[in-house]
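Below is the file target-v5.txt, which contains compact mmCIF, C-alpha atoms and all ligand atoms.
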# COMPACT_ATOMS: atom_id res chain seq x y z
CA MET A 1 0.00 0.00 0.00
CA ASP A 2 1.23 3.45 -0.90
CA GLN A 3 1.76 5.75 2.01
CA ALA A 4 2.59 9.39 1.61
CA PRO A 5 5.90 10.04 3.37
CA LEU A 6 5.65 12.18 6.46
CA PRO A 7 6.79 15.72 5.82
CA PRO A 8 10.16 16.53 7.37
CA VAL A 9 10.06 18.26 10.74
CA THR A 10 11.72 21.64 10.61
CA LEU A 11 13.88 23.11 13.32
CA ASP A 12 11.26 25.79 13.88
CA GLU A 13 8.68 23.12 14.56
CA LEU A 14 11.02 21.42 17.01
CA ASP A 15 11.50 24.72 18.81
CA GLN A 16 7.75 25.14 19.01
CA LEU A 17 7.39 21.64 20.39
CA SER A 18 9.99 22.28 23.05
CA ALA A 19 8.35 25.59 23.96
CA ARG A 20 5.00 23.82 24.31
CA ALA A 21 6.53 21.13 26.49
CA ALA A 22 8.09 23.82 28.68
CA THR A 23 4.65 25.43 29.07
CA VAL A 24 3.15 22.14 30.21
CA ILE A 25 5.89 21.75 32.83
CA ALA A 26 5.44 25.36 33.94
CA ARG A 27 1.69 24.77 34.41
CA LEU A 28 2.36 21.62 36.38
CA ARG A 29 4.67 23.59 38.64
CA ASP A 30 2.20 26.43 39.05
CA ARG A 31 -0.39 23.92 40.12
CA LEU A 32 1.96 22.23 42.56
CA TYR A 33 3.67 25.23 44.07
CA ALA A 34 1.66 28.43 44.40
CA PRO A 35 3.72 31.36 43.09
CA GLY A 36 6.35 32.54 45.48
CA THR A 37 6.18 29.51 47.74
CA GLU A 38 8.86 26.88 47.89
CA LYS A 39 8.47 23.17 48.29
CA ARG A 40 8.29 22.25 51.96
CA LEU A 41 8.37 19.08 53.95
CA ASP A 42 5.12 18.67 55.87
CA LEU A 43 5.93 15.44 57.68
CA ARG A 44 4.98 15.42 61.37
CA PHE A 45 5.54 12.50 63.69
CA ASN A 46 3.62 11.71 66.88
CA VAL A 47 5.54 10.88 70.02
CA ARG A 48 5.26 7.11 69.49
CA ARG A 49 6.67 7.31 66.00
CA ALA A 50 9.32 9.82 67.09
CA ALA A 51 10.37 7.44 69.88
CA GLU A 52 10.73 4.62 67.35
CA MET A 53 12.83 6.81 65.07
CA VAL A 54 15.03 8.03 67.90
CA GLY A 55 15.46 4.60 69.44
CA ARG A 56 14.31 5.68 72.92
CA SER A 57 10.94 5.28 74.70
CA ASP A 58 8.27 7.98 74.56
CA LYS A 59 8.58 8.26 78.34
CA LEU A 60 12.24 9.24 78.02
CA ILE A 61 11.25 11.87 75.47
CA ARG A 62 8.54 13.27 77.76
CA ASP A 63 10.96 13.30 80.70
CA ALA A 64 13.56 15.17 78.67
CA GLU A 65 10.92 17.71 77.65
CA ALA A 66 9.90 18.14 81.26
CA ASP A 67 13.44 18.66 82.57
CA GLY A 68 14.48 21.00 79.75
CA ARG A 69 16.92 18.73 77.89
CA LEU A 70 14.49 18.91 74.99
CA PRO A 71 12.38 21.92 73.99
CA GLU A 72 8.65 21.92 74.73
CA PRO A 73 6.75 20.17 71.94
CA ASP A 74 4.98 22.38 69.37
CA LYS A 75 1.32 23.07 70.07
CA ASP A 76 -1.48 24.41 67.94
CA PRO A 77 -1.96 28.01 69.19
CA GLU A 78 -5.76 27.71 68.95
CA THR A 79 -6.56 24.23 70.24
CA GLY A 80 -3.48 23.81 72.42
CA ARG A 81 -3.08 20.29 71.02
CA ARG A 82 0.33 18.90 70.25
CA THR A 83 1.12 19.12 66.55
CA GLY A 84 3.78 16.43 66.53
CA TYR A 85 7.47 16.63 65.70
CA SER A 86 9.23 17.60 62.48
CA LEU A 87 12.18 15.59 61.14
CA ALA A 88 14.48 18.35 62.39
CA ASP A 89 12.95 17.92 65.90
CA VAL A 90 13.52 14.16 65.70
CA ASN A 91 17.14 14.72 64.68
CA HIS A 92 17.60 17.07 67.61
CA MET A 93 16.29 14.32 69.92
CA ARG A 94 18.74 11.88 68.35
CA GLU A 95 21.51 14.33 69.08
CA VAL A 96 20.43 14.77 72.70
CA PHE A 97 20.11 11.00 73.28
CA GLY A 98 23.27 10.18 71.31
CA THR A 99 21.45 8.00 68.76
CA LEU A 100 22.43 9.77 65.53
CA PRO A 101 23.70 7.02 63.20
CA HIS A 102 26.52 9.06 61.63
CA ARG A 103 29.72 7.35 60.55
CA ALA A 104 32.80 7.95 62.71
CA PRO A 105 35.45 10.27 61.23
CA GLY A 106 37.65 7.25 60.51
CA ASP A 107 34.94 5.47 58.47
CA PRO A 108 34.98 6.14 54.73
CA ALA A 109 32.12 8.25 53.39
CA MET A 110 29.91 6.08 51.18
CA VAL A 111 29.94 7.32 47.59
CA LEU A 112 27.20 5.32 45.91
CA ALA A 113 26.32 5.40 42.21
CA VAL A 114 22.88 4.20 41.14
CA GLN A 115 23.89 3.34 37.65
CA ASN A 116 22.71 1.63 34.51
CA PHE A 117 23.36 2.99 31.04
CA LYS A 118 19.78 2.14 30.12
CA GLY A 119 17.21 4.92 30.47
CA GLY A 120 14.03 4.83 32.52
CA VAL A 121 15.00 1.89 34.76
CA GLY A 122 14.34 3.84 37.97
CA LYS A 123 17.74 5.41 38.74
CA SER A 124 16.45 8.84 39.72
CA THR A 125 13.45 7.35 41.54
CA MET A 126 15.82 5.18 43.55
CA VAL A 127 18.24 8.02 44.29
CA CYS A 128 15.47 10.33 45.60
CA HIS A 129 13.77 7.67 47.70
CA LEU A 130 17.00 6.23 49.05
CA ALA A 131 18.20 9.72 50.01
CA GLN A 132 14.96 10.33 51.90
CA TYR A 133 14.96 6.88 53.51
CA LEU A 134 18.47 7.59 54.84
CA ALA A 135 17.61 11.15 55.88
CA LEU A 136 14.63 9.84 57.88
CA LYS A 137 17.08 7.56 59.69
CA GLY A 138 19.25 10.57 60.54
CA TYR A 139 22.14 10.13 58.09
CA ARG A 140 23.74 13.17 56.43
CA VAL A 141 23.12 12.74 52.72
CA CYS A 142 24.30 14.56 49.61
CA ILE A 143 22.85 13.97 46.16
CA VAL A 144 24.94 14.81 43.14
CA ASP A 145 22.72 15.20 40.09
CA CYS A 146 25.02 14.25 37.22
CA ASP A 147 22.25 14.10 34.63
CA SER A 148 21.49 17.15 32.48
CA GLN A 149 17.84 15.95 32.33
CA ALA A 150 17.81 17.02 36.00
CA SER A 151 14.91 14.77 37.15
CA THR A 152 16.31 14.59 40.66
CA THR A 153 16.85 18.34 40.80
CA SER A 154 13.17 18.80 39.86
CA MET A 155 12.03 16.28 42.45
CA PHE A 156 13.72 18.43 45.07
CA GLY A 157 11.54 21.38 44.14
CA LEU A 158 13.90 23.26 41.84
CA ASN A 159 13.11 24.38 38.33
CA PRO A 160 16.34 23.53 36.48
CA ASP A 161 15.78 26.32 33.94
CA VAL A 162 15.03 29.03 36.47
CA ASP A 163 16.48 28.14 39.86
CA VAL A 164 19.77 26.70 38.61
CA ASN A 165 22.42 28.80 36.87
CA GLU A 166 24.45 26.61 34.55
CA ASP A 167 27.57 28.74 34.84
CA GLU A 168 27.58 28.75 38.62
CA ASP A 169 25.43 26.14 40.33
CA THR A 170 26.01 22.72 38.77
CA LEU A 171 29.01 20.40 38.40
CA TYR A 172 29.82 22.17 35.14
CA PRO A 173 32.06 25.00 36.43
CA PHE A 174 34.07 22.42 38.36
CA PHE A 175 34.67 20.44 35.18
CA ARG A 176 35.80 23.45 33.15
CA HIS A 177 39.38 24.34 32.54
CA GLY A 178 40.70 26.26 35.57
CA GLY A 179 37.55 25.43 37.58
CA PRO A 180 37.32 25.95 41.36
CA PRO A 181 39.36 23.71 43.69
CA SER A 182 36.39 22.25 45.54
CA LEU A 183 32.71 21.49 45.01
CA HIS A 184 31.54 23.54 48.00
CA TYR A 185 30.20 26.31 45.79
CA ALA A 186 27.60 23.94 44.29
CA LEU A 187 26.25 22.40 47.50
CA ARG A 188 22.84 23.64 48.51
CA ALA A 189 20.50 22.70 51.30
CA THR A 190 17.10 21.30 50.39
CA TYR A 191 13.81 21.42 52.29
CA TRP A 192 14.75 17.99 53.64
CA PRO A 193 16.90 18.43 56.74
CA ASN A 194 20.07 16.39 56.16
CA ILE A 195 19.81 16.27 52.36
CA ALA A 196 22.12 18.55 50.39
CA LEU A 197 21.97 18.68 46.62
CA ILE A 198 24.31 19.56 43.81
CA PRO A 199 21.73 20.38 41.15
CA ALA A 200 21.90 19.86 37.39
CA ASN A 201 20.44 21.47 34.32
CA LEU A 202 20.76 21.19 30.58
CA GLY A 203 24.03 23.16 30.58
CA LEU A 204 25.74 20.21 32.26
CA TYR A 205 25.60 18.36 28.97
CA ASP A 206 28.38 20.62 27.67
CA ALA A 207 30.70 18.88 30.12
CA GLU A 208 30.60 15.88 27.76
CA TYR A 209 32.21 17.96 24.98
CA GLU A 210 34.57 19.68 27.34
CA PHE A 211 35.78 16.36 28.72
CA ALA A 212 35.97 14.67 25.35
CA ALA A 213 38.15 17.51 24.04
CA ARG A 214 40.52 17.24 27.01
CA MET A 215 40.67 13.43 27.16
CA ALA A 216 43.56 13.17 24.70
CA ARG A 217 45.98 15.22 26.78
CA GLU A 218 44.66 15.07 30.35
CA GLN A 219 43.12 11.61 30.62
CA THR A 220 43.48 10.92 34.32
CA PHE A 221 42.69 14.50 35.31
CA VAL A 222 39.42 14.31 33.39
CA LEU A 223 38.45 10.83 34.54
CA ASP A 224 39.12 11.57 38.18
CA ARG A 225 37.82 15.13 38.29
CA LEU A 226 34.44 14.18 39.79
CA ARG A 227 36.15 11.95 42.32
CA THR A 228 38.40 14.85 43.34
CA GLY A 229 35.33 17.05 43.70
CA ILE A 230 33.50 14.55 45.86
CA GLU A 231 36.57 14.11 48.03
CA SER A 232 36.49 17.87 48.62
CA ILE A 233 33.03 17.74 50.22
CA GLN A 234 32.73 14.23 51.65
CA ASP A 235 33.74 15.16 55.21
CA GLN A 236 30.30 16.63 55.84
CA PHE A 237 28.33 13.58 54.75
CA ASP A 238 27.73 9.94 55.56
CA VAL A 239 26.39 9.03 52.14
CA ILE A 240 26.85 10.71 48.76
CA LEU A 241 24.47 9.48 46.07
CA MET A 242 25.18 10.03 42.40
CA ASP A 243 22.44 10.04 39.76
CA PRO A 244 24.14 9.61 36.37
CA PRO A 245 22.71 10.12 32.89
CA PRO A 246 21.51 7.08 30.91
CA ALA A 247 24.40 6.92 28.47
CA LEU A 248 27.97 5.78 28.31
CA GLY A 249 29.52 9.23 28.16
CA MET A 250 32.28 10.99 30.02
CA LEU A 251 29.96 11.90 32.88
CA SER A 252 28.91 8.29 33.39
CA LEU A 253 32.53 7.20 33.33
CA SER A 254 33.41 9.86 35.89
CA VAL A 255 30.62 8.54 38.10
CA LEU A 256 32.04 5.00 37.86
CA ARG A 257 35.46 6.37 38.84
CA ALA A 258 34.10 8.40 41.74
CA ALA A 259 31.91 5.70 43.28
CA ASN A 260 33.00 3.31 45.99
CA ALA A 261 29.86 1.19 45.58
CA ILE A 262 27.27 0.67 42.87
CA VAL A 263 23.59 -0.26 42.80
CA ILE A 264 22.28 -1.24 39.35
CA PRO A 265 18.52 -0.89 38.95
CA ALA A 266 17.23 -3.42 36.41
CA PRO A 267 13.60 -4.13 35.54
CA PRO A 268 13.10 -7.88 35.03
CA ASN A 269 11.74 -7.78 31.51
CA ASN A 270 13.41 -9.13 28.40
CA ILE A 271 14.54 -5.91 26.85
CA ASP A 272 15.70 -4.19 30.01
CA PHE A 273 17.38 -7.32 31.26
CA GLY A 274 19.17 -7.72 27.94
CA SER A 275 20.45 -4.19 28.20
CA THR A 276 21.47 -4.72 31.81
CA ALA A 277 23.46 -7.80 30.84
CA HIS A 278 25.06 -5.63 28.19
CA PHE A 279 25.69 -2.90 30.75
CA LEU A 280 27.46 -5.35 33.05
CA LYS A 281 29.66 -6.57 30.23
CA MET A 282 30.45 -3.03 29.19
CA MET A 283 31.06 -1.99 32.76
CA GLY A 284 33.57 -4.80 33.18
CA ALA A 285 35.40 -3.85 29.99
CA THR A 286 35.20 -0.12 30.72
CA LEU A 287 36.46 -0.52 34.27
CA SER A 288 39.46 -2.54 33.20
CA GLU A 289 40.26 0.06 30.52
CA LEU A 290 39.88 2.82 33.09
CA ALA A 291 42.11 0.87 35.47
CA GLN A 292 44.84 0.78 32.81
CA MET A 293 44.57 4.53 32.34
CA GLY A 294 44.21 5.72 35.88
CA GLY A 295 44.75 2.86 38.33
CA ALA A 296 42.42 0.14 39.56
CA ARG A 297 39.29 0.95 41.51
CA ASP A 298 37.65 -1.39 44.00
CA TYR A 299 34.03 -1.28 45.03
CA ALA A 300 32.74 -2.10 48.50
CA PHE A 301 29.71 -3.69 46.80
CA VAL A 302 28.05 -3.90 43.39
CA LYS A 303 24.42 -4.99 43.66
CA ILE A 304 21.64 -5.48 41.16
CA LEU A 305 18.21 -4.31 42.23
CA ALA A 306 15.15 -5.59 40.40
CA THR A 307 12.96 -2.55 39.76
CA LYS A 308 9.49 -2.03 38.30
CA MET A 309 8.81 -5.71 38.94
CA ASN A 310 5.27 -6.90 38.32
CA ASP A 311 4.50 -10.18 40.12
CA GLY A 312 1.40 -10.60 37.99
CA LYS A 313 3.47 -10.96 34.84
CA SER A 314 4.85 -14.44 34.43
CA ALA A 315 7.65 -13.09 32.23
CA HIS A 316 8.81 -10.80 35.05
CA VAL A 317 8.74 -13.64 37.55
CA ALA A 318 10.67 -15.91 35.18
CA ILE A 319 13.33 -13.33 34.43
CA LYS A 320 13.69 -12.37 38.07
CA ARG A 321 14.25 -16.07 38.86
CA MET A 322 16.86 -16.22 36.11
CA MET A 323 18.58 -13.11 37.49
CA ASP A 324 18.68 -14.72 40.94
CA ALA A 325 20.21 -17.85 39.44
CA VAL A 326 22.78 -16.05 37.28
CA PHE A 327 23.85 -13.48 39.90
CA PRO A 328 23.18 -15.23 43.22
CA MET A 329 25.62 -13.12 45.23
CA ASP A 330 24.91 -9.88 43.48
CA MET A 331 21.13 -9.60 43.50
CA MET A 332 19.54 -7.60 46.25
CA THR A 333 16.95 -9.56 48.19
CA ALA A 334 14.55 -6.63 48.28
CA VAL A 335 12.71 -5.76 45.08
CA LEU A 336 11.26 -2.43 44.02
CA LYS A 337 7.91 -3.53 42.65
CA ASP A 338 6.05 -1.72 39.94
CA SER A 339 3.76 0.63 41.81
CA ALA A 340 1.18 3.16 40.68
CA GLU A 341 2.00 5.06 43.86
CA ILE A 342 5.54 5.74 42.62
CA ASP A 343 4.35 6.75 39.18
CA ASN A 344 1.69 9.08 40.60
CA THR A 345 3.91 10.77 43.15
CA THR A 346 6.75 11.33 40.66
CA ALA A 347 4.28 12.67 38.09
CA ASN A 348 3.50 15.32 40.70
CA LEU A 349 7.21 15.93 41.32
CA GLY A 350 7.06 14.41 44.77
CA THR A 351 8.11 11.17 46.41
CA VAL A 352 6.33 8.44 48.31
CA TYR A 353 8.10 9.52 51.52
CA GLU A 354 6.61 13.01 51.20
CA VAL A 355 2.96 11.89 51.10
CA THR A 356 0.96 13.06 54.13
CA GLY A 357 -2.66 13.05 55.35
CA PRO A 358 -5.34 10.58 54.20
CA ALA A 359 -3.31 9.65 51.10
CA ALA A 360 -0.67 8.23 53.41
CA ARG A 361 -3.20 5.89 55.03
CA THR A 362 -4.23 4.00 51.89
CA GLU A 363 -3.20 0.37 51.46
CA THR A 364 -1.46 1.12 48.14
CA HIS A 365 0.68 3.73 49.84
CA LYS A 366 1.59 1.50 52.76
CA ARG A 367 2.50 -1.39 50.47
CA CYS A 368 4.67 0.80 48.30
CA ARG A 369 6.37 2.27 51.32
CA ALA A 370 7.11 -1.22 52.58
CA TYR A 371 8.93 -2.05 49.29
CA LEU A 372 10.91 1.18 49.48
CA ASP A 373 11.78 0.66 53.14
CA ALA A 374 12.99 -2.88 52.44
CA VAL A 375 15.25 -1.67 49.63
CA GLY A 376 16.47 1.24 51.76
CA ARG A 377 17.17 -1.00 54.73
CA GLU A 378 19.15 -3.52 52.70
CA ILE A 379 21.32 -0.76 51.23
CA GLU A 380 21.67 0.89 54.65
CA ILE A 381 23.09 -2.35 56.07
CA LEU A 382 25.50 -2.74 53.13
CA ILE A 383 26.67 0.82 53.78
CA ARG A 384 27.07 0.34 57.52
CA LYS A 385 29.17 -2.77 56.90
CA THR A 386 31.75 -0.50 55.26
CA TRP A 387 32.03 1.56 58.48
CA PRO A 388 34.21 -0.14 61.10
CA SER A 389 32.64 1.97 63.88
CA HIS A 390 29.26 0.36 63.09
CA HIS A 391 30.48 -3.24 63.26
CA ALA A 392 29.82 -3.76 66.95
CA GLY A 393 26.28 -2.43 66.51
CA LEU A 394 25.67 -4.64 63.48
CA ARG A 395 26.88 -7.68 65.42
CA LYS A 396 24.52 -6.84 68.25
CA GLU A 397 21.67 -6.60 65.76
CA GLY A 398 22.72 -9.98 64.34
CA LEU A 399 23.56 -8.44 60.98
CA LEU A 400 27.28 -9.19 60.88
N1 LIG A 501 8.88 0.93 40.90
C1 LIG A 501 8.26 1.75 40.04
N2 LIG A 501 6.93 1.61 39.82
C2 LIG A 501 6.28 2.42 38.96
N3 LIG A 501 6.86 3.39 38.25
C3 LIG A 501 8.17 3.58 38.41
C4 LIG A 501 8.96 2.79 39.31
N4 LIG A 501 10.23 3.20 39.27
C5 LIG A 501 10.26 4.23 38.40
N5 LIG A 501 9.04 4.46 37.87
C6 LIG A 501 8.67 5.46 36.86
O1 LIG A 501 9.44 5.23 35.69
C7 LIG A 501 9.84 6.45 35.11
C8 LIG A 501 11.37 6.47 34.96
O2 LIG A 501 11.94 6.42 36.26
P1 LIG A 501 13.29 7.21 36.59
O3 LIG A 501 13.22 8.60 36.07
O4 LIG A 501 13.56 7.00 38.00
O5 LIG A 501 14.30 6.36 35.71
P2 LIG A 501 15.80 6.74 35.31
O6 LIG A 501 16.50 5.45 35.19
O7 LIG A 501 16.34 7.75 36.24
O8 LIG A 501 15.55 7.42 33.90
P3 LIG A 501 16.65 8.21 33.04
O9 LIG A 501 17.51 7.16 32.48
O10 LIG A 501 15.83 8.91 31.99
O11 LIG A 501 17.37 9.12 33.95
C9 LIG A 501 9.31 7.55 36.01
O12 LIG A 501 8.11 8.04 35.46
C10 LIG A 501 9.03 6.85 37.31
O13 LIG A 501 7.94 7.44 38.00
MG MG A 502 17.24 9.63 35.83

Kindly transcribe the structure held in the file into structure tokens.
Ligand SMILES: Nc1ncnc2c1ncn2[C@@H]1O[C@H](COP(=O)(O)OP(=O)(O)OP(=O)(O)O)[C@@H](O)[C@H]1O
Ligand SMILES: [Mg+2]
Amino acid sequence: MDQAPLPPVTLDELDQLSARAATVIARLRDRLYAPGTEKRLDLRFNVRRAAEMVGRSDKLIRDAEADGRLPEPDKDPETGRRTGYSLADVNHMREVFGTLPHRAPGDPAMVLAVQNFKGGVGKSTMVCHLAQYLALKGYRVCIVDCDSQASTTSMFGLNPDVDVNEDEDTLYPFFRHGGPPSLHYALRATYWPNIALIPANLGLYDAEYEFAARMAREQTFVLDRLRTGIESIQDQFDVILMDPPPALGMLSLSVLRAANAIVIPAPPNNIDFGSTAHFLKMMGATLSELAQMGGARDYAFVKILATKMNDGKSAHVAIKRMMDAVFPMDMMTAVLKDSAEIDNTTANLGTVYEVTGPAARTETHKRCRAYLDAVGREIEILIRKTWPSHHAGLRKEGLL
């Protein structure tokens, strides 16, 4: 059958398309954040939950409030009822009771890459939720958004085109010739206590060209630049999470060089699994090439996490079983199941951990949170195993 060929798309039309897409995003933002207001964290915890988080009884908390070691709890000025504690309040309690889980100065900071060269496997989703899981536990977390698509930057309430200056705020200036000596300039606090962010925007993509041009003469400098940058800020953090772009470019290679552990999200379907197998092969080859250029790099752990898994699909179950058989030591036990809750919250530029009110009491929400907590907990234990000061605690908990 004869089909008229589609007319070519002109550059003008592409520009119009991109402008329209930007308008849609702007409307979404306007709906989510009233003009002039910034994204906030509305989580409040009652005394029972706070006690659980702090690792002390509610009686001890009440006593400390009564004798002035802790401030009086917030009350509603009209009803006089307690309004619960914020995460910052809970962290203050942890400080007072000595239950903050920070690493000791002698323990290495965990620099974790959530990496897979395949797009859309759940890297950014995992980075945001893992950061928040760890922040809820009281760890000091930094997220480095290494992806010019800037999904993670958006999830943390920033508009990459408006709130982030490409010449000043992202990794880019650090990667440029004669860039600053440390990454401090790019660190910014977020509305999550304990989560700092180095944001990204489209301008970061230019780093690919910049690096490629300098590779010939300054190979090791280029490859290890991100690692140098992370070393310049790591003192302040327990865990640094890197969210790389979905491509094998210079930025992704820099992430592999900077990481001291890797989690590979991989949906158990044919196509994604095929590309993950390919990723693993490429990673092996790339790492040994990188080792020849700039010295070998060891990882504390490299784990594969099944993401977007649907138990109702026999193909998913079969491939997951195959993954478990092929990589018995390397698969995480926890699985991040496919969940409408994740899709819905990310579509609204939020996370599952940020949901409050009646929406947080639905069964779908609780189930999804249980998957996320299980993944977070497994990674938390892997991280703590790399900190000698945590070993005694892990042994006591029967985890080592
Ligand atoms: N477990 C899940 N259940 C349902 N939807 C999910 C899940 N994980 C991720 N998603 C959705 O899949 C899409 C892609 O996820 P995400 O952006 O995290 O992937 P990515 O690997 O970072 O993508 P990219 O390679 O483009 O950076 C998002 O719309 C996200 O909401
Ligand atoms: Mg992403």

Contacts to ligand LIG 501 (chain A) at 10 Å cut-off (all atoms listed in the file) as a CSV table (one decimal) with C-alpha atoms, in the frame of the given file:
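And here's part25.csv as it stands now:
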chain,number,residue,atom,x,y,z
A,114,VAL,CA,22.9,4.2,41.1
A,115,GLN,CA,23.9,3.3,37.6
A,116,ASN,CA,22.7,1.6,34.5
A,117,PHE,CA,23.4,3.0,31.0
A,118,LYS,CA,19.8,2.1,30.1
A,119,GLY,CA,17.2,4.9,30.5
A,120,GLY,CA,14.0,4.8,32.5
A,121,VAL,CA,15.0,1.9,34.8
A,122,GLY,CA,14.3,3.8,38.0
A,123,LYS,CA,17.7,5.4,38.7
A,124,SER,CA,16.4,8.8,39.7
A,125,THR,CA,13.4,7.4,41.5
A,126,MET,CA,15.8,5.2,43.6
A,127,VAL,CA,18.2,8.0,44.3
A,128,CYS,CA,15.5,10.3,45.6
A,129,HIS,CA,13.8,7.7,47.7
A,146,CYS,CA,25.0,14.2,37.2
A,147,ASP,CA,22.2,14.1,34.6
A,148,SER,CA,21.5,17.2,32.5
A,149,GLN,CA,17.8,16.0,32.3
A,150,ALA,CA,17.8,17.0,36.0
A,151,SER,CA,14.9,14.8,37.2
A,152,THR,CA,16.3,14.6,40.7
A,243,ASP,CA,22.4,10.0,39.8
A,244,PRO,CA,24.1,9.6,36.4
A,245,PRO,CA,22.7,10.1,32.9
A,246,PRO,CA,21.5,7.1,30.9
A,247,ALA,CA,24.4,6.9,28.5
A,264,ILE,CA,22.3,-1.2,39.4
A,265,PRO,CA,18.5,-0.9,39.0
A,266,ALA,CA,17.2,-3.4,36.4
A,267,PRO,CA,13.6,-4.1,35.5
A,306,ALA,CA,15.2,-5.6,40.4
A,307,THR,CA,13.0,-2.6,39.8
A,308,LYS,CA,9.5,-2.0,38.3
A,309,MET,CA,8.8,-5.7,38.9
A,310,ASN,CA,5.3,-6.9,38.3
A,335,VAL,CA,12.7,-5.8,45.1
A,336,LEU,CA,11.3,-2.4,44.0
A,337,LYS,CA,7.9,-3.5,42.6
A,338,ASP,CA,6.0,-1.7,39.9
A,339,SER,CA,3.8,0.6,41.8
A,340,ALA,CA,1.2,3.2,40.7
A,341,GLU,CA,2.0,5.1,43.9
A,342,ILE,CA,5.5,5.7,42.6
A,343,ASP,CA,4.4,6.8,39.2
A,344,ASN,CA,1.7,9.1,40.6
A,345,THR,CA,3.9,10.8,43.2
A,346,THR,CA,6.8,11.3,40.7
A,347,ALA,CA,4.3,12.7,38.1
A,348,ASN,CA,3.5,15.3,40.7
A,349,LEU,CA,7.2,15.9,41.3
A,350,GLY,CA,7.1,14.4,44.8
A,351,THR,CA,8.1,11.2,46.4
A,368,CYS,CA,4.7,0.8,48.3
A,371,TYR,CA,8.9,-2.0,49.3
A,372,LEU,CA,10.9,1.2,49.5

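With distances taken over all atoms listed in the file, A:Ile383 is the one residue among A:Ile262, A:Ile383, A:Ile271, A:Leu41 lying closest to His102 in chain A.
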
Report summary line: For Gln219 in chain A, the closest of A:Ala196, A:Cys142, A:Val302, A:Met250 counting only C-alpha atoms is A:Met250

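Note that CA of Ala359 in chain A and CA of Pro73 in chain A are 25.4 Å apart.
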
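Using all atoms listed in the file, the shortest contact distance between Asp238 in chain A and any of A:Asp63, A:Asp298, A:Glu354, A:Glu380 is found at A:Glu380.
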
Where's the centre, and what are the edge lengths in Å to one decimal, of a box along x, y and z enclosing all listed atoms of range 292-311 of chain A padded 4 Å per side, as JSON?
{"center_x": 24.7, "center_y": -2.2, "center_z": 40.4, "size_x": 48.3, "size_y": 23.9, "size_z": 24.2}

Report task. For range 281-292 of chain A, please output as a VMD selection string all residues within 9 Å (counting all atoms listed in the file; exclusion window: fewer than 5 positions along the same chain). Result -> chain A and resid 220 223 253 256 to 257 276 297

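Nearest to Pro108 in chain A of all the residues A:Met215, A:Val162, A:Ala261, A:Ala200 is A:Ala261, counting all atoms listed in the file.
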
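Note that CA of Glu168 in chain A and CA of Ala186 in chain A are 7.4 Å apart.
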
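You will find CA of Val90 in chain A at 19.1 Å from CA of Arg377 in chain A.
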
Query raised in the report: Closest to ligand MG 502 (chain A) among A:Ala109, A:Leu14, A:Ala88, A:Met242, using all atoms listed in the file?
Result: A:Met242

Query raised in the report: Contacts of range 49-55 of chain A at 10 Å or less, counting all atoms listed in the file, minus same-chain residues fewer than 6 places along, as JSON, numbers by chain?
Result: {"A": [61, 62, 84, 85, 86, 87, 89, 90, 91, 92, 93, 94, 95, 96, 97, 98, 99, 100, 101, 136, 137, 138]}

Requested in this report: Can you pull out every residue within 6 Å of Asn260 in chain A, counting all atoms listed in the file, but drop anything in the same chain fewer than 5 positions away, and send it as a list in words?
Outcome: Val111, Tyr299 and Ala300 of chain A

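The shortest atom-to-atom distance to ligand MG 502 (chain A), with only C-alpha atoms and all ligand atoms taken into account, belongs to A:Thr153 out of A:Tyr209, A:Thr153, A:Ala392, A:Thr362.
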
Tell me which protein, DNA and RNA residues are within 10 Å of Thr333 in chain A, counting only C-alpha atoms, leaving out same-chain ones fewer than 3 positions away, and put them as a compact mmCIF listing (two decimals) with C-alpha atoms, in the coordinates of the input.
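Okay, this is what ended up in around-v2.txt:
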# COMPACT_ATOMS: atom_id res chain seq x y z
CA LYS A 303 24.42 -4.99 43.66
CA ILE A 304 21.64 -5.48 41.16
CA LEU A 305 18.21 -4.31 42.23
CA ALA A 306 15.15 -5.59 40.40
CA ASP A 324 18.68 -14.72 40.94
CA PRO A 328 23.18 -15.23 43.22
CA MET A 329 25.62 -13.12 45.23
CA ASP A 330 24.91 -9.88 43.48
CA ALA A 374 12.99 -2.88 52.44
CA VAL A 375 15.25 -1.67 49.63
CA GLU A 378 19.15 -3.52 52.70
